[in-house]
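> Questions regarding the structure given below will be posed in turn.
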Amino acid sequence: MRRIVRNEGKMVKTTGLIRRLIVTPSPGRINEGRVLAGAVVIPCALGRNGVTHFKREGDGKTPAGRFVLTGGYWRQDRLRAPGAHSPLHPIKPHMGWCDDVDDANYNRPIRLPARARHEELARADGLYDIVLTLDHNQRPRVRGRGSAIFFHLTRGDHDPTAGCVAISREHMLRLLPRLARNCVMVIR
């Protein structure tokens with residue numbers, strides 16, 4: 001999408017960046033939905049138990065609300081660096097994300113190996129080949145209110161997630177260069 005703007009009296013063409021993504025569940029299917037990215041509609045997977053306003057660790061639900069995409073990670077051994085306006089860091093084998101409510105690093109990136117329960121970012125199944133972080137339960141961080149809520153890739157034909165929002169690799173690669181830095185994801 002191109003638009004014309006004035007820059008010191010001159011007409012300049014710019015490519016419109018997407019500043020907000022809207023996620024809505026599909027009618028009658030609690031763990032499937034769609035991501036509205038400007039005029040584009042992308043099918044997505046949601047938590048296996050749907051969407052909630054009262055997120056709890058391990059409930060299998062995607063939290064409803066307004067979240068900022070703060071950056072993310074990608075598997076450099078599987079993909080070239082994807083174009084993105086937000087910072088993306090290459091995933092290393094020692095990288096994880098703590099989801100242990102009793103650990104001081106709850107809902108934070110951690111170095112593996114770790115004793116605390118955690119997600120490995122270098123997954124074998126490819127779900128985190130591209131993974132964007134949402135600021136869900138970051139500031140303030142409340143133990144037990146959900147951790148590792150990501151925007152990542154789908155498995156199969158939009159199989160449910162543990163609470164994240166997931167889209168196909170093809171859609172993610174097309175969407176990433178269009179997402180503005182600190183894009184907001186609104187989950188309804």
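Residue numbers start at 1 in each chain; chains themselves are named A, B, ... in the order of the structure tokens; ligands are numbered from 1 in the order shown.
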Identify all residues of region 12-183 of chain A in alpha helix (DSSP H) (DSSP on the backbone) and supply them as a ChimeraX atom specification.
/A:169-175
> Using the chain letters and numbers from this document, which residues of region 4-172 of chain A does DSSP assign to strand (DSSP E or B), as number ranges by chain?
A: 4-7, 10-15, 18-26, 29-37, 40-45, 47, 51-52, 62-63, 65-74, 88-90, 95-98, 109-111, 118-120, 130-134, 150-153, 161, 165-167
> Identify, on the basis of only C-alpha atoms, every residue whose closest approach to region 35-43 of chain A does not exceed 8 Å; exclude the query and any residue fewer than 5 positions from it along the same chain; express the result as number ranges by chain.
A: 18, 20-24, 158, 167, 171
> For region 51-53 of chain A, find every residue with an atom within 10 Å (counting only C-alpha atoms), except residues of its own chain fewer than 6 positions away, and show them as a ChimeraX atom specification.
/A:24-25,30-32,59-65,163-164,187-188
> Between A:Ile130, A:Ala162, A:Ala180, A:Leu175, which is the closest to Arg80 (chain A) once you count only C-alpha atoms?
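Checking each candidate against Arg80 (chain A), we get A:Ile130 as the closest.
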> Using only C-alpha atoms, find the one residue out of A:Leu173, A:Ala124, A:Cys98, A:Ala45 that sits nearest to Leu79 (chain A).
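Closest residue, counting only C-alpha atoms: A:Leu173.
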> For Leu69 (chain A), which of A:Leu134, A:Ala81, A:Ala166, A:Val142 is the closest residue, counting only C-alpha atoms?
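Among A:Leu134, A:Ala81, A:Ala166, A:Val142, it is A:Leu134 that comes nearest to Leu69 (chain A).
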> Identify, on the basis of only C-alpha atoms, every residue whose closest approach to Asp100 (chain A) does not exceed 9 Å; exclude the query and any residue fewer than 4 positions from it along the same chain; express the result as a list of chain:residue names.
A:Glu57, A:Ala104, A:Asn105, A:Tyr106, A:Asn107, A:Ala116, A:Arg117, A:His118, A:Arg143, A:Gly144, A:Ser147
> Can you work out which one of A:Gly58, A:Leu132, A:Gly126, A:Gly83 has the shortest atom-to-atom distance to Arg174 (chain A), counting only C-alpha atoms?
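Residue with the minimum atom-to-atom distance to Arg174 (chain A): A:Gly83.
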> Which residue out of A:Leu112, A:Trp97, A:Gly47, A:Ala122 has the minimum interatomic distance to Asp77 (chain A) when only C-alpha atoms are used?
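Once distances to Asp77 (chain A) are computed over only C-alpha atoms, the minimum belongs to A:Ala122.
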> Could you check which of A:Ser26, A:Thr161, A:Asn182, A:Gln138 is closest to Gly72 (chain A), using only C-alpha atoms?
A:Asn182
> Can you work out the spacing between CA of Trp74 (chain A) and CA of Asp157 (chain A) in Å, to one decimal?
21.2 Å
> What separation in Å, quoted to one decimal, exists between CA of Pro90 (chain A) and CA of Arg56 (chain A)?
29.2 Å
